[in-house]
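As provided, target32.cif (mmCIF, N, CA and C atoms and all ligand atoms) reads as follows.
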```cif
data_my_file
loop_
_atom_site.label_atom_id
_atom_site.label_comp_id
_atom_site.auth_asym_id
_atom_site.auth_seq_id
_atom_site.Cartn_x
_atom_site.Cartn_y
_atom_site.Cartn_z
N MET M 8 0.83 -1.21 0.00
CA MET M 8 0.00 0.00 0.00
C MET M 8 0.85 1.24 0.00
N GLN M 9 2.11 1.07 0.25
CA GLN M 9 2.98 2.25 0.22
C GLN M 9 4.01 2.11 -0.88
N GLY M 10 4.03 3.05 -1.75
CA GLY M 10 4.97 3.00 -2.87
C GLY M 10 6.28 3.65 -2.51
N GLN M 11 6.72 4.59 -3.36
CA GLN M 11 8.00 5.26 -3.12
C GLN M 11 7.77 6.75 -2.94
N ALA M 12 6.81 7.09 -2.10
CA ALA M 12 6.38 8.48 -2.01
C ALA M 12 6.94 9.19 -0.79
N SER M 13 8.01 8.70 -0.22
CA SER M 13 8.53 9.35 0.98
C SER M 13 9.47 10.51 0.67
N TRP M 14 9.91 10.60 -0.58
CA TRP M 14 10.92 11.63 -0.91
C TRP M 14 10.32 12.73 -1.77
N ASN M 15 9.28 13.36 -1.27
CA ASN M 15 8.64 14.37 -2.11
C ASN M 15 8.63 15.75 -1.48
N MET M 16 9.67 16.11 -0.76
CA MET M 16 9.68 17.47 -0.21
C MET M 16 11.03 18.18 -0.37
N PRO M 17 11.53 18.22 -1.60
CA PRO M 17 12.81 18.90 -1.81
C PRO M 17 12.73 20.39 -1.54
N ASP M 18 11.57 20.99 -1.74
CA ASP M 18 11.45 22.44 -1.50
C ASP M 18 11.73 22.77 -0.04
N ASP M 19 11.11 22.00 0.84
CA ASP M 19 11.32 22.26 2.27
C ASP M 19 12.78 22.09 2.64
N ILE M 20 13.38 21.05 2.12
CA ILE M 20 14.78 20.80 2.46
C ILE M 20 15.66 21.95 1.99
N ASP M 21 15.41 22.40 0.75
CA ASP M 21 16.17 23.54 0.24
C ASP M 21 16.03 24.74 1.15
N ARG M 22 14.80 25.00 1.58
CA ARG M 22 14.56 26.20 2.39
C ARG M 22 15.27 26.07 3.75
N ILE M 23 15.21 24.89 4.32
CA ILE M 23 15.86 24.69 5.61
C ILE M 23 17.37 24.90 5.48
N ILE M 24 17.95 24.35 4.43
CA ILE M 24 19.39 24.51 4.24
C ILE M 24 19.73 25.99 4.05
N GLU M 25 18.93 26.68 3.27
CA GLU M 25 19.18 28.10 3.04
C GLU M 25 19.11 28.87 4.36
N ASP M 26 18.10 28.59 5.14
CA ASP M 26 17.96 29.28 6.43
C ASP M 26 19.16 29.01 7.32
N GLU M 27 19.59 27.78 7.34
CA GLU M 27 20.71 27.45 8.20
C GLU M 27 21.97 28.16 7.74
N GLU M 28 22.16 28.24 6.44
CA GLU M 28 23.35 28.93 5.94
C GLU M 28 23.30 30.40 6.33
N ARG M 29 22.13 31.00 6.20
CA ARG M 29 22.01 32.42 6.55
C ARG M 29 22.23 32.61 8.05
N ALA M 30 21.63 31.76 8.84
CA ALA M 30 21.79 31.87 10.29
C ALA M 30 23.25 31.72 10.68
N TYR M 31 23.92 30.81 10.01
CA TYR M 31 25.34 30.58 10.31
C TYR M 31 26.13 31.84 9.96
N GLU M 32 25.84 32.40 8.80
CA GLU M 32 26.54 33.59 8.36
C GLU M 32 26.35 34.73 9.36
N ILE M 33 25.12 34.96 9.75
CA ILE M 33 24.82 36.03 10.70
C ILE M 33 25.50 35.73 12.03
N GLY M 34 25.43 34.50 12.44
CA GLY M 34 26.05 34.11 13.70
C GLY M 34 27.54 34.38 13.69
N VAL M 35 28.19 34.08 12.58
CA VAL M 35 29.63 34.30 12.49
C VAL M 35 29.92 35.79 12.56
N LYS M 36 29.12 36.59 11.87
CA LYS M 36 29.36 38.04 11.88
C LYS M 36 29.19 38.60 13.29
N VAL M 37 28.12 38.22 13.94
CA VAL M 37 27.86 38.71 15.30
C VAL M 37 28.95 38.24 16.24
N ALA M 38 29.33 36.98 16.11
CA ALA M 38 30.35 36.42 17.00
C ALA M 38 31.66 37.16 16.78
N ARG M 39 32.01 37.42 15.52
CA ARG M 39 33.26 38.12 15.25
C ARG M 39 33.24 39.48 15.91
N ARG M 40 32.13 40.20 15.79
CA ARG M 40 32.07 41.55 16.33
C ARG M 40 32.13 41.53 17.85
N SER M 41 31.37 40.61 18.45
CA SER M 41 31.29 40.64 19.91
C SER M 41 32.52 40.01 20.56
N LEU M 42 33.19 39.14 19.82
CA LEU M 42 34.34 38.47 20.42
C LEU M 42 35.66 39.17 20.09
N ALA M 43 35.62 40.09 19.13
CA ALA M 43 36.85 40.82 18.84
C ALA M 43 37.28 41.54 20.11
N GLY M 44 38.53 41.45 20.46
CA GLY M 44 38.98 42.06 21.69
C GLY M 44 39.23 41.01 22.76
N TYR M 45 38.66 39.85 22.58
CA TYR M 45 38.93 38.76 23.53
C TYR M 45 40.24 38.07 23.19
N GLY M 46 40.61 38.17 21.93
CA GLY M 46 41.80 37.47 21.49
C GLY M 46 43.06 38.11 22.03
N ARG M 47 44.17 37.47 21.75
CA ARG M 47 45.44 37.94 22.27
C ARG M 47 46.44 38.04 21.13
N ALA M 48 47.43 38.88 21.30
CA ALA M 48 48.47 39.02 20.29
C ALA M 48 49.48 37.89 20.39
N HIS M 49 49.56 37.29 21.59
CA HIS M 49 50.49 36.19 21.80
C HIS M 49 49.75 34.97 22.34
N CYS M 50 50.23 33.82 21.92
CA CYS M 50 49.62 32.56 22.34
C CYS M 50 49.72 32.41 23.86
N GLU M 51 48.63 32.02 24.49
CA GLU M 51 48.67 31.89 25.95
C GLU M 51 49.35 30.59 26.38
N SER M 52 49.61 29.69 25.43
CA SER M 52 50.30 28.44 25.78
C SER M 52 51.80 28.54 25.54
N CYS M 53 52.20 29.00 24.36
CA CYS M 53 53.63 28.97 24.03
C CYS M 53 54.22 30.38 23.91
N GLU M 54 53.38 31.41 24.09
CA GLU M 54 53.87 32.80 24.10
C GLU M 54 54.38 33.27 22.75
N GLN M 55 54.21 32.46 21.72
CA GLN M 55 54.60 32.91 20.39
C GLN M 55 53.57 33.91 19.88
N PRO M 56 54.02 34.87 19.06
CA PRO M 56 53.05 35.81 18.49
C PRO M 56 52.04 35.07 17.60
N ILE M 57 50.79 35.43 17.71
CA ILE M 57 49.77 34.83 16.85
C ILE M 57 49.77 35.62 15.54
N PRO M 58 49.89 34.92 14.41
CA PRO M 58 49.98 35.60 13.12
C PRO M 58 48.76 36.50 12.88
N PRO M 59 48.97 37.68 12.31
CA PRO M 59 47.87 38.62 12.06
C PRO M 59 46.74 37.98 11.26
N ALA M 60 47.09 37.09 10.35
CA ALA M 60 46.04 36.45 9.55
C ALA M 60 45.10 35.64 10.44
N ARG M 61 45.68 34.99 11.43
CA ARG M 61 44.85 34.19 12.35
C ARG M 61 44.04 35.12 13.25
N GLN M 62 44.66 36.19 13.70
CA GLN M 62 43.92 37.12 14.56
C GLN M 62 42.72 37.70 13.83
N LYS M 63 42.91 37.91 12.51
CA LYS M 63 41.83 38.47 11.72
C LYS M 63 40.73 37.43 11.51
N ALA M 64 41.16 36.20 11.22
CA ALA M 64 40.18 35.14 10.95
C ALA M 64 39.47 34.71 12.22
N ALA M 65 40.17 34.76 13.35
CA ALA M 65 39.59 34.33 14.62
C ALA M 65 40.02 35.29 15.71
N PRO M 66 39.38 36.47 15.76
CA PRO M 66 39.80 37.51 16.71
C PRO M 66 39.67 37.08 18.16
N TRP M 67 38.93 36.02 18.41
CA TRP M 67 38.75 35.56 19.78
C TRP M 67 39.83 34.56 20.18
N ALA M 68 40.71 34.22 19.23
CA ALA M 68 41.72 33.18 19.51
C ALA M 68 42.68 33.63 20.59
N THR M 69 42.97 32.76 21.51
CA THR M 69 43.95 33.07 22.55
C THR M 69 45.17 32.16 22.44
N ARG M 70 45.16 31.31 21.43
CA ARG M 70 46.30 30.41 21.21
C ARG M 70 46.66 30.43 19.74
N CYS M 71 47.93 30.09 19.45
CA CYS M 71 48.30 29.92 18.07
C CYS M 71 47.63 28.64 17.56
N ARG M 72 47.72 28.45 16.27
CA ARG M 72 46.97 27.35 15.68
C ARG M 72 47.41 26.00 16.24
N ASP M 73 48.71 25.80 16.35
CA ASP M 73 49.22 24.52 16.85
C ASP M 73 48.71 24.25 18.27
N CYS M 74 48.82 25.27 19.12
CA CYS M 74 48.40 25.07 20.51
C CYS M 74 46.89 24.88 20.59
N GLN M 75 46.15 25.59 19.74
CA GLN M 75 44.71 25.43 19.77
C GLN M 75 44.32 24.02 19.37
N GLU M 76 45.00 23.51 18.34
CA GLU M 76 44.69 22.15 17.90
C GLU M 76 45.06 21.14 18.99
N ALA M 77 46.20 21.35 19.62
CA ALA M 77 46.62 20.44 20.70
C ALA M 77 45.61 20.51 21.85
N TYR M 78 45.17 21.73 22.13
CA TYR M 78 44.21 21.92 23.22
C TYR M 78 42.89 21.21 22.91
N GLU M 79 42.41 21.39 21.67
CA GLU M 79 41.15 20.75 21.30
C GLU M 79 41.28 19.23 21.32
N GLU M 80 42.44 18.75 20.87
CA GLU M 80 42.68 17.31 20.89
C GLU M 80 42.62 16.78 22.32
N ARG M 81 43.21 17.55 23.23
CA ARG M 81 43.23 17.14 24.63
C ARG M 81 41.81 17.12 25.19
N VAL M 82 41.05 18.16 24.88
CA VAL M 82 39.67 18.22 25.37
C VAL M 82 38.88 17.04 24.82
N ARG M 83 39.12 16.74 23.53
CA ARG M 83 38.38 15.65 22.91
C ARG M 83 38.72 14.32 23.58
N ARG M 84 40.00 14.14 23.86
CA ARG M 84 40.41 12.90 24.52
C ARG M 84 39.80 12.81 25.91
N ASN M 85 39.84 13.92 26.64
CA ASN M 85 39.31 13.92 28.00
C ASN M 85 37.83 13.59 28.01
N SER M 86 37.08 14.22 27.10
CA SER M 86 35.65 13.97 27.11
C SER M 86 35.36 12.58 26.57
N GLY M 87 36.22 12.07 25.68
CA GLY M 87 36.01 10.73 25.14
C GLY M 87 36.31 9.65 26.16
N SER M 88 37.22 9.96 27.10
CA SER M 88 37.66 8.91 28.03
C SER M 88 36.58 8.58 29.05
N THR M 89 35.55 9.42 29.14
CA THR M 89 34.47 9.13 30.08
C THR M 89 33.50 8.10 29.51
N ARG M 90 33.64 7.85 28.20
CA ARG M 90 32.77 6.86 27.60
C ARG M 90 33.22 5.46 27.97
N LEU M 91 32.29 4.53 27.90
CA LEU M 91 32.65 3.15 28.20
C LEU M 91 33.26 2.51 26.96
N GLY M 92 34.34 1.78 27.18
CA GLY M 92 34.94 1.01 26.10
C GLY M 92 35.31 1.85 24.90
N GLY M 93 36.24 2.78 25.09
CA GLY M 93 36.68 3.61 23.97
C GLY M 93 37.21 2.77 22.83
N ASP M 94 37.23 3.35 21.64
CA ASP M 94 37.66 2.55 20.48
C ASP M 94 38.95 3.11 19.88
N GLU M 95 39.85 3.46 20.72
CA GLU M 95 41.11 4.05 20.24
C GLU M 95 41.95 3.04 19.47
ZN ZN M 101 51.10 28.42 20.88
#
```
Let me see the structure of the file written as structure tokens.
Ligand SMILES: [Zn+2]
Amino acid sequence: MQGQASWNMPDDIDRIIEDEERAYEIGVKVARRSLAGYGRAHCESCEQPIPPARQKAAPWATRCRDCQEAYEERVRRNSGSTRLGGDE
């Protein structure tokens, strides 16, 4: 009694994706404006100067890219280790 009629709403999907893209764009703009000034000229982990390109792309950054990646990796490991039976 049921054919292949479950995939008949591409319009809605398009609209949802469009809305999400716009919301993301606005969110990034607002975040950049409100977070500018939180960032630092020097990495808080290794004290190396943060490149101007990075400061511009992520004005809220308080670490250089390497330290930020290491930090995120550490956070990910810490939060992952609370799971049962990790799959490392
Ligand atoms: Zn660093």
Problem - Gap from atom C of Val37 of chain M to atom CA of Glu25 of chain M - Å, one decimal - result: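 We find that atom C of Val37 of chain M and atom CA of Glu25 of chain M lie 19.3 Å from each other.
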Exercise for the section: Identify, on the basis of all atoms listed in the file, every residue whose closest approach to segment 53-57 of chain M does not exceed 8 Å; exclude the query and any residue fewer than 2 positions from it along the same chain; express the result as a PyMOL selection string. Expected result: chain M and resi 47-51+59-63+69-72+74
Exercise for the section: Between atom ZN of ligand ZN 101 (chain M) and atom CA of Glu79 of chain M, measure the distance and give it in Å to one decimal. Expected result: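 Answer for the atom ZN of ligand ZN 101 (chain M) to atom CA of Glu79 of chain M separation: 12.6 Å.
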Practice task
Grab the atom C of Pro66 of chain M to atom CA of Lys36 of chain M distance for me, in Å with one decimal place.
Solution key: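 Separating atom C of Pro66 of chain M from atom CA of Lys36 of chain M is a distance of 12.1 Å.
Counting only C-alpha atoms and all ligand atoms, the residue from M:Asp73, M:Glu28, M:Asp21, M:Glu80 that sits nearest to ligand ZN 101 (chain M) is M:Asp73.
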Exercise for the section: Would you list, as a VMD selection string, the residues of segment 18-73 of chain M that end up in helix (DSSP H, G or I) under DSSP run on this structure's backbone? Expected result: chain M and resid 18 to 42 59 to 64 72 to 73
Practice task
Rank nothing, just name the residue among M:Ile24, M:Val35, M:Ala68, M:Gln75 nearest to ligand ZN 101 (chain M), using only N, CA and C atoms and all ligand atoms.
Solution key: M:Gln75
Handout entry: Residue with smallest distance to ligand ZN 101 (chain M) - pool M:Ser52, M:Arg29, M:Pro58, M:Trp67, counting only C-alpha atoms and all ligand atoms
Key =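 Counting only C-alpha atoms and all ligand atoms, the residue closest to ligand ZN 101 (chain M) is M:Ser52.
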